[in-house]
file data38.txt (compact mmCIF, C-alpha atoms)
# COMPACT_ATOMS: atom_id res chain seq x y z
CA MET C 1 18.55 15.53 15.16
CA PRO C 2 16.11 17.41 17.45
CA ARG C 3 13.00 15.59 18.62
CA PHE C 4 10.67 17.77 16.54
CA ALA C 5 12.62 16.97 13.36
CA VAL C 6 12.51 13.26 14.26
CA TRP C 7 8.71 13.33 14.45
CA THR C 8 8.38 15.37 11.26
CA VAL C 9 10.76 13.22 9.19
CA ARG C 10 9.17 10.01 10.49
CA ALA C 11 5.71 11.35 9.58
CA ALA C 12 7.08 12.10 6.11
CA LEU C 13 8.41 8.53 5.86
CA LEU C 14 4.95 7.18 6.72
CA HIS C 15 3.42 9.39 4.03
CA LEU C 16 6.00 7.96 1.58
CA GLY C 17 5.15 4.35 2.41
CA VAL C 18 1.37 4.81 2.41
CA GLY C 19 1.45 7.14 -0.62
CA PHE C 20 3.46 4.63 -2.66
CA THR C 21 1.11 1.84 -1.55
CA LEU C 22 -1.93 3.81 -2.78
CA GLY C 23 -0.11 4.53 -6.05
CA ALA C 24 0.77 0.86 -6.38
CA LEU C 25 -2.90 -0.12 -5.98
CA ILE C 26 -3.90 2.34 -8.72
CA LEU C 27 -1.09 1.24 -11.06
CA PHE C 28 -1.77 -2.46 -10.43
CA HIS C 29 -5.42 -1.86 -11.30
CA LYS C 30 -4.38 -0.01 -14.46
CA GLY C 31 -2.46 -3.07 -15.62
CA ALA C 32 -4.54 -5.88 -14.14
CA PRO C 33 -8.03 -4.58 -13.31
CA LEU C 34 -9.14 -5.05 -9.70
CA ASP C 35 -11.79 -2.43 -8.95
CA PRO C 36 -12.47 0.83 -10.84
CA ALA C 37 -13.11 2.57 -7.49
CA LEU C 38 -9.34 2.45 -6.88
CA TRP C 39 -8.99 5.48 -9.16
CA ARG C 40 -10.63 7.52 -6.41
CA LEU C 41 -7.45 7.09 -4.37
CA LEU C 42 -5.57 9.30 -6.85
CA PRO C 43 -6.00 12.67 -5.04
CA LEU C 44 -4.93 11.14 -1.71
CA HIS C 45 -1.93 9.48 -3.43
CA VAL C 46 -0.83 12.77 -5.00
CA GLU C 47 -1.35 14.78 -1.82
CA MET C 48 0.45 12.31 0.45
CA LEU C 49 3.50 12.22 -1.81
CA LEU C 50 3.82 15.88 -2.81
CA ALA C 51 2.84 17.53 0.47
CA GLY C 52 2.98 14.75 3.08
CA TRP C 53 6.28 13.28 1.88
CA MET C 54 8.28 15.90 0.00
CA ALA C 55 7.16 19.14 1.65
CA GLN C 56 7.07 17.62 5.13
CA LEU C 57 10.52 16.04 4.71
CA ALA C 58 11.85 19.42 3.60
CA MET C 59 10.33 21.01 6.71
CA GLY C 60 11.84 18.40 9.03
CA VAL C 61 15.29 18.56 7.48
CA ALA C 62 15.22 22.37 7.32
CA PHE C 63 14.25 22.56 11.00
CA TRP C 64 17.18 20.25 11.81
CA ILE C 65 19.85 21.74 9.60
CA LEU C 66 19.26 25.49 9.09
CA PRO C 67 21.57 27.82 11.06
CA ARG C 68 20.62 28.18 14.73
CA PHE C 69 20.53 31.14 17.13
CA ARG C 70 22.96 31.36 20.05
CA GLY C 71 24.43 27.95 19.42
CA THR C 72 21.48 25.61 19.91
CA GLU C 73 18.26 27.61 19.67
CA ARG C 74 16.07 26.97 16.65
CA GLY C 75 13.75 29.95 16.92
CA ASN C 76 9.99 29.71 17.18
CA VAL C 77 9.51 25.96 17.56
CA ARG C 78 5.78 26.30 18.28
CA LEU C 79 5.25 27.99 14.93
CA ALA C 80 7.14 25.22 13.14
CA ALA C 81 5.11 22.58 15.01
CA LEU C 82 1.86 24.34 14.16
CA ALA C 83 2.94 24.46 10.51
CA VAL C 84 3.56 20.70 10.45
CA VAL C 85 0.26 19.87 12.17
CA THR C 86 -1.60 22.22 9.81
CA LEU C 87 0.13 20.65 6.80
CA ASN C 88 -1.04 17.19 7.86
CA VAL C 89 -4.59 18.46 8.41
CA GLY C 90 -4.41 19.97 4.93
CA VAL C 91 -3.17 16.75 3.35
CA LEU C 92 -5.99 14.81 4.99
CA GLY C 93 -8.55 17.44 3.98
CA VAL C 94 -7.51 17.55 0.35
CA GLY C 95 -6.86 13.80 0.07
CA VAL C 96 -9.89 12.46 1.90
CA GLY C 97 -12.09 15.27 0.57
CA GLY C 98 -11.01 14.37 -2.96
CA LEU C 99 -11.65 10.68 -2.26
CA ALA C 100 -15.13 11.32 -0.90
CA GLY C 101 -16.05 14.14 -3.27
CA TRP C 102 -16.31 16.73 -0.48
CA ASP C 103 -15.39 19.98 -2.19
CA ALA C 104 -15.52 21.98 1.07
CA ALA C 105 -12.96 19.66 2.67
CA VAL C 106 -10.69 20.03 -0.36
CA LEU C 107 -10.95 23.82 -0.16
CA LEU C 108 -10.29 23.88 3.59
CA GLY C 109 -7.39 21.47 3.09
CA ARG C 110 -5.83 23.75 0.48
CA VAL C 111 -6.21 26.72 2.84
CA ALA C 112 -4.56 24.71 5.63
CA GLU C 113 -1.65 23.81 3.32
CA LEU C 114 -1.23 27.46 2.38
CA LEU C 115 -1.23 28.49 6.04
CA ALA C 116 1.28 25.74 6.83
CA ALA C 117 3.61 27.02 4.13
CA GLY C 118 3.33 30.59 5.44
CA MET C 119 3.90 29.55 9.05
CA PHE C 120 6.93 27.45 8.22
CA ALA C 121 8.37 30.23 6.07
CA ALA C 122 7.88 32.65 9.00
CA HIS C 123 9.70 30.19 11.28
CA ALA C 124 12.58 29.57 8.88
CA TRP C 125 13.06 33.11 7.51
CA PRO C 126 15.26 34.46 10.35
CA ARG C 127 17.33 31.25 10.34
CA VAL C 128 18.30 31.68 6.68
CA LYS C 129 21.40 33.83 7.13
CA PRO C 130 25.13 33.77 6.53
CA VAL C 131 27.00 31.18 8.58
CA SER C 132 29.32 33.83 10.03
CA THR C 133 26.41 35.34 11.99
CA SER C 134 24.75 32.06 12.94
CA THR C 135 25.60 32.40 16.64
CA GLN C 136 24.19 35.91 16.98
CA MET V 137 5.72 12.42 -14.88
CA HIS V 138 6.82 9.57 -12.60
CA LEU V 139 10.26 9.41 -14.17
CA LEU V 140 10.66 12.95 -12.82
CA THR V 141 8.90 12.67 -9.45
CA VAL V 142 10.05 9.15 -8.57
CA GLY V 143 13.14 8.60 -10.74
CA TRP V 144 14.63 12.02 -10.03
CA LEU V 145 13.11 13.75 -6.97
CA THR V 146 12.36 10.78 -4.74
CA GLN V 147 15.48 8.86 -5.73
CA LEU V 148 17.66 11.91 -5.09
CA ILE V 149 16.09 12.29 -1.64
CA ILE V 150 16.65 8.59 -0.95
CA GLY V 151 20.31 8.82 -1.98
CA VAL V 152 21.02 11.98 0.01
CA ALA V 153 19.18 10.66 3.07
CA TYR V 154 21.19 7.42 2.89
CA TRP V 155 24.35 9.50 2.76
CA MET V 156 23.58 12.25 5.31
CA PHE V 157 21.10 11.08 7.93
CA PRO V 158 22.41 10.31 11.43
CA LYS V 159 24.44 7.12 11.69
CA TYR V 160 22.63 3.95 12.70
CA SER V 161 25.65 2.70 14.66
CA LYS V 162 29.44 2.84 14.51
CA ALA V 163 29.58 -0.64 13.02
CA ARG V 164 26.75 -0.03 10.55
CA PRO V 165 26.56 3.74 10.02
CA ARG V 166 24.06 3.51 7.18
CA GLY V 167 21.93 0.68 8.51
CA SER V 168 21.55 -2.26 6.17
CA GLU V 169 23.60 -1.74 3.03
CA ARG V 170 21.79 -4.70 1.49
CA LEU V 171 18.42 -3.01 2.08
CA GLY V 172 19.86 0.17 0.55
CA TRP V 173 20.82 -1.68 -2.63
CA ALA V 174 17.46 -3.49 -2.63
CA THR V 175 15.70 -0.09 -2.53
CA TYR V 176 17.78 1.11 -5.47
CA ALA V 177 17.17 -2.04 -7.56
CA LEU V 178 13.44 -2.31 -6.79
CA LEU V 179 12.76 1.36 -7.50
CA ASN V 180 14.62 1.46 -10.80
CA LEU V 181 13.39 -1.90 -12.04
CA GLY V 182 9.85 -0.85 -11.13
CA LEU V 183 10.22 2.42 -12.98
CA ALA V 184 11.75 0.73 -16.02
CA LEU V 185 8.86 -1.76 -16.19
CA ARG V 186 6.40 1.12 -16.05
CA ALA V 187 8.27 3.10 -18.69
CA ALA V 188 8.09 0.04 -20.97
CA GLY V 189 4.59 -1.08 -19.95
CA GLU V 190 2.68 2.19 -20.38
CA PRO V 191 3.39 2.66 -24.13
CA LEU V 192 3.02 -1.07 -24.78
CA MET V 193 -0.36 -1.07 -23.11
CA ALA V 194 -1.46 2.02 -25.00
CA ALA V 195 -0.45 0.36 -28.29
CA GLN V 196 -1.96 -3.06 -27.49
CA PRO V 197 -4.52 -2.69 -24.69
CA GLY V 198 -5.46 -6.38 -24.59
CA ALA V 199 -1.92 -7.75 -24.49
CA ASN V 200 0.06 -8.95 -21.51
CA ALA V 201 1.67 -5.53 -21.05
CA GLY V 202 -0.73 -4.94 -18.17
CA TRP V 203 1.26 -7.36 -16.06
CA LEU V 204 4.35 -5.18 -16.54
CA LEU V 205 2.42 -2.38 -14.82
CA ALA V 206 1.22 -4.69 -12.07
CA ALA V 207 4.77 -5.91 -11.44
CA SER V 208 6.04 -2.33 -11.57
CA ALA V 209 3.50 -1.35 -8.91
CA VAL V 210 4.60 -4.10 -6.54
CA LEU V 211 8.33 -3.39 -7.03
CA GLN V 212 8.00 0.35 -6.41
CA MET V 213 5.88 -0.20 -3.32
CA LEU V 214 8.47 -2.62 -1.94
CA ALA V 215 11.21 -0.08 -2.69
CA ALA V 216 9.41 2.60 -0.68
CA TRP V 217 8.88 0.36 2.34
CA ALA V 218 12.47 -0.93 2.15
CA PHE V 219 13.70 2.67 2.32
CA VAL V 220 11.34 3.45 5.20
CA ALA V 221 12.50 0.35 7.09
CA ASN V 222 16.18 1.17 6.60
CA THR V 223 15.81 4.85 7.41
CA TRP V 224 13.37 4.77 10.34
CA ALA V 225 15.96 3.90 13.00
CA ARG V 226 18.41 6.49 11.64
CA VAL V 227 15.91 9.29 12.23
CA LYS V 228 16.64 9.77 15.92
CA SER V 229 17.61 12.27 18.59
CA ARG V 230 21.20 12.30 19.79

call {"tool": "encode", "arguments": {"input": "data38.txt", "output": "structure tokens"}}
result
Amino acid sequence: MPRFAVWTVRAALLHLGVGFTLGALILFHKGAPLDPALWRLLPLHVEMLLAGWMAQLAMGVAFWILPRFRGTERGNVRLAALAVVTLNVGVLGVGVGGLAGWDAAVLLGRVAELLAAGMFAAHAWPRVKPVSTSTQ
Amino acid sequence: MHLLTVGWLTQLIIGVAYWMFPKYSKARPRGSERLGWATYALLNLGLALRAAGEPLMAAQPGANAGWLLAASAVLQMLAAWAFVANTWARVKSR
């Protein structure tokens, strides 16, 4: 697994652990009330698990496993890295903005997530090709 | 909703990652098999408790069904961290 994929998949794993922990706090409170303010964690919980865990894991695994160019080359790595950084900025923007009630941060976070998706698609597009031409 | 996102999507990812991620070592290619089974048991027991607890709590809000949800929360959180712990060292460069 290339180093970039290692960092991306490990970041996704952290989002999984923290996202499940936030969800557990909310669910625990639903069953055995602790503090009503825990409900405010919901947007961060959702964002960490859908974008931070699932989308980021998909990016890391796709970067690792999609067909390569000329044997080992994985195309525009900087674009993929920028996509992952932007995705994490977006997750924080939407999650923390939702937690704090900052609508501007939520909006900027959504824009960042959209940009991340576009950048990663631009990185991956030329790598999605028949196996028989994967070394060209 | 969570039966789909946790019971299907996340559990499928966990199973495929356990199967396909780089080997931990020649002797223990998939890391701790015990931790793998613990993840499976904790996640599904947690989900089952939630699936039972949510309608029970809606029907009888004051009853002890709330503790099913609290237990479900703890079990699912432990499942996630067990998977992270078992997978972390398998996510590595050659």

call {"tool": "atom_distance", "arguments": {"input": "data38.txt", "atom1": "CA of Leu115 (chain C)", "atom2": "CA of Ala83 (chain C)"}}
result
7.3 Å

call {"tool": "atom_distance", "arguments": {"input": "data38.txt", "atom1": "CA of Val18 (chain C)", "atom2": "CA of Gly167 (chain V)"}}
result
21.8 Å

call {"tool": "closest_residue", "arguments": {"input": "data38.txt", "among": "V:Trp217, V:Trp173, V:Trp144, V:Trp155", "to": "chain C", "atoms": "only C-alpha atoms"}}
result
V:Trp217

call {"tool": "residues_around", "arguments": {"input": "data38.txt", "residues": "region 85-94 of chain C", "least_positions_apart": "5", "cutoff": "8 Å", "atoms": "all atoms listed in the file", "output": "PDB file with C-alpha atoms, in the coordinates of the input"}}
result
ATOM      1  CA  PRO C  43      -6.000  12.670  -5.040  1.00  0.00           C
ATOM      2  CA  LEU C  44      -4.930  11.140  -1.710  1.00  0.00           C
ATOM      3  CA  GLU C  47      -1.350  14.780  -1.820  1.00  0.00           C
ATOM      4  CA  MET C  48       0.450  12.310   0.450  1.00  0.00           C
ATOM      5  CA  ALA C  51       2.840  17.530   0.470  1.00  0.00           C
ATOM      6  CA  GLY C  52       2.980  14.750   3.080  1.00  0.00           C
ATOM      7  CA  GLN C  56       7.070  17.620   5.130  1.00  0.00           C
ATOM      8  CA  ALA C 105     -12.960  19.660   2.670  1.00  0.00           C
ATOM      9  CA  VAL C 106     -10.690  20.030  -0.360  1.00  0.00           C
ATOM     10  CA  LEU C 107     -10.950  23.820  -0.160  1.00  0.00           C
ATOM     11  CA  LEU C 108     -10.290  23.880   3.590  1.00  0.00           C
ATOM     12  CA  GLY C 109      -7.390  21.470   3.090  1.00  0.00           C
ATOM     13  CA  ARG C 110      -5.830  23.750   0.480  1.00  0.00           C
ATOM     14  CA  VAL C 111      -6.210  26.720   2.840  1.00  0.00           C
ATOM     15  CA  ALA C 112      -4.560  24.710   5.630  1.00  0.00           C
ATOM     16  CA  GLU C 113      -1.650  23.810   3.320  1.00  0.00           C
ATOM     17  CA  LEU C 115      -1.230  28.490   6.040  1.00  0.00           C
ATOM     18  CA  ALA C 116       1.280  25.740   6.830  1.00  0.00           C
ATOM     19  CA  ALA C 117       3.610  27.020   4.130  1.00  0.00           C
TER      20      ALA C 117
END

call {"tool": "closest_atom_pairs", "arguments": {"input": "data38.txt", "of": "chain V", "to": "chain C", "cutoff": "6 Å", "atoms": "all atoms listed in the file", "output": "CSV"}}
result
residue,atom,partner,partner_atom,distance
V:Gly202,CA,C:Gly31,CA,3.6
V:Trp203,CA,C:Gly31,CA,5.7
V:Leu205,CA,C:Gly31,CA,5.0
V:Ala206,CA,C:Phe28,CA,4.1
V:Ala209,CA,C:Ala24,CA,4.3
V:Met213,CA,C:Phe20,CA,5.4
V:Ala216,CA,C:Gly17,CA,5.5
V:Trp217,CA,C:Gly17,CA,5.5
V:Val220,CA,C:Leu13,CA,5.9
V:Val227,CA,C:Val6,CA,5.6
V:Lys228,CA,C:Val6,CA,5.7
V:Ser229,CA,C:Met1,CA,4.8

call {"tool": "atom_distance", "arguments": {"input": "data38.txt", "atom1": "CA of Pro67 (chain C)", "atom2": "CA of Thr146 (chain V)"}}
result
25.0 Å

call {"tool": "closest_residue", "arguments": {"input": "data38.txt", "among": "V:Gly172, V:Gly182, V:Gly198, V:Pro191", "to": "Ile150 (chain V)", "atoms": "all atoms listed in the file"}}
result
V:Gly172

call {"tool": "closest_residue", "arguments": {"input": "data38.txt", "among": "C:Ala55, C:Leu34, C:Leu41, C:Ala124", "to": "Leu145 (chain V)", "atoms": "all atoms listed in the file"}}
result
C:Ala55

call {"tool": "residues_around", "arguments": {"input": "data38.txt", "residues": "region 71-79 of chain C", "least_positions_apart": "2", "cutoff": "10 Å", "atoms": "all atoms listed in the file", "output": "MDAnalysis selection string"}}
result
chainID C and resid 2 4 63:69 81:85 116 119:127 134:136

call {"tool": "residues_around", "arguments": {"input": "data38.txt", "residues": "Leu178 (chain V)", "least_positions_apart": "6", "cutoff": "9 Å", "atoms": "all atoms listed in the file", "output": "tab-separated table (two decimals) with C-alpha atoms, keeping the file's coordinate frame"}}
result
chain	number	residue	atom	x	y	z
V	208	SER	CA	6.04	-2.33	-11.57
V	211	LEU	CA	8.33	-3.39	-7.03
V	212	GLN	CA	8.00	0.35	-6.41
V	213	MET	CA	5.88	-0.20	-3.32
V	214	LEU	CA	8.47	-2.62	-1.94
V	215	ALA	CA	11.21	-0.08	-2.69
V	216	ALA	CA	9.41	2.60	-0.68
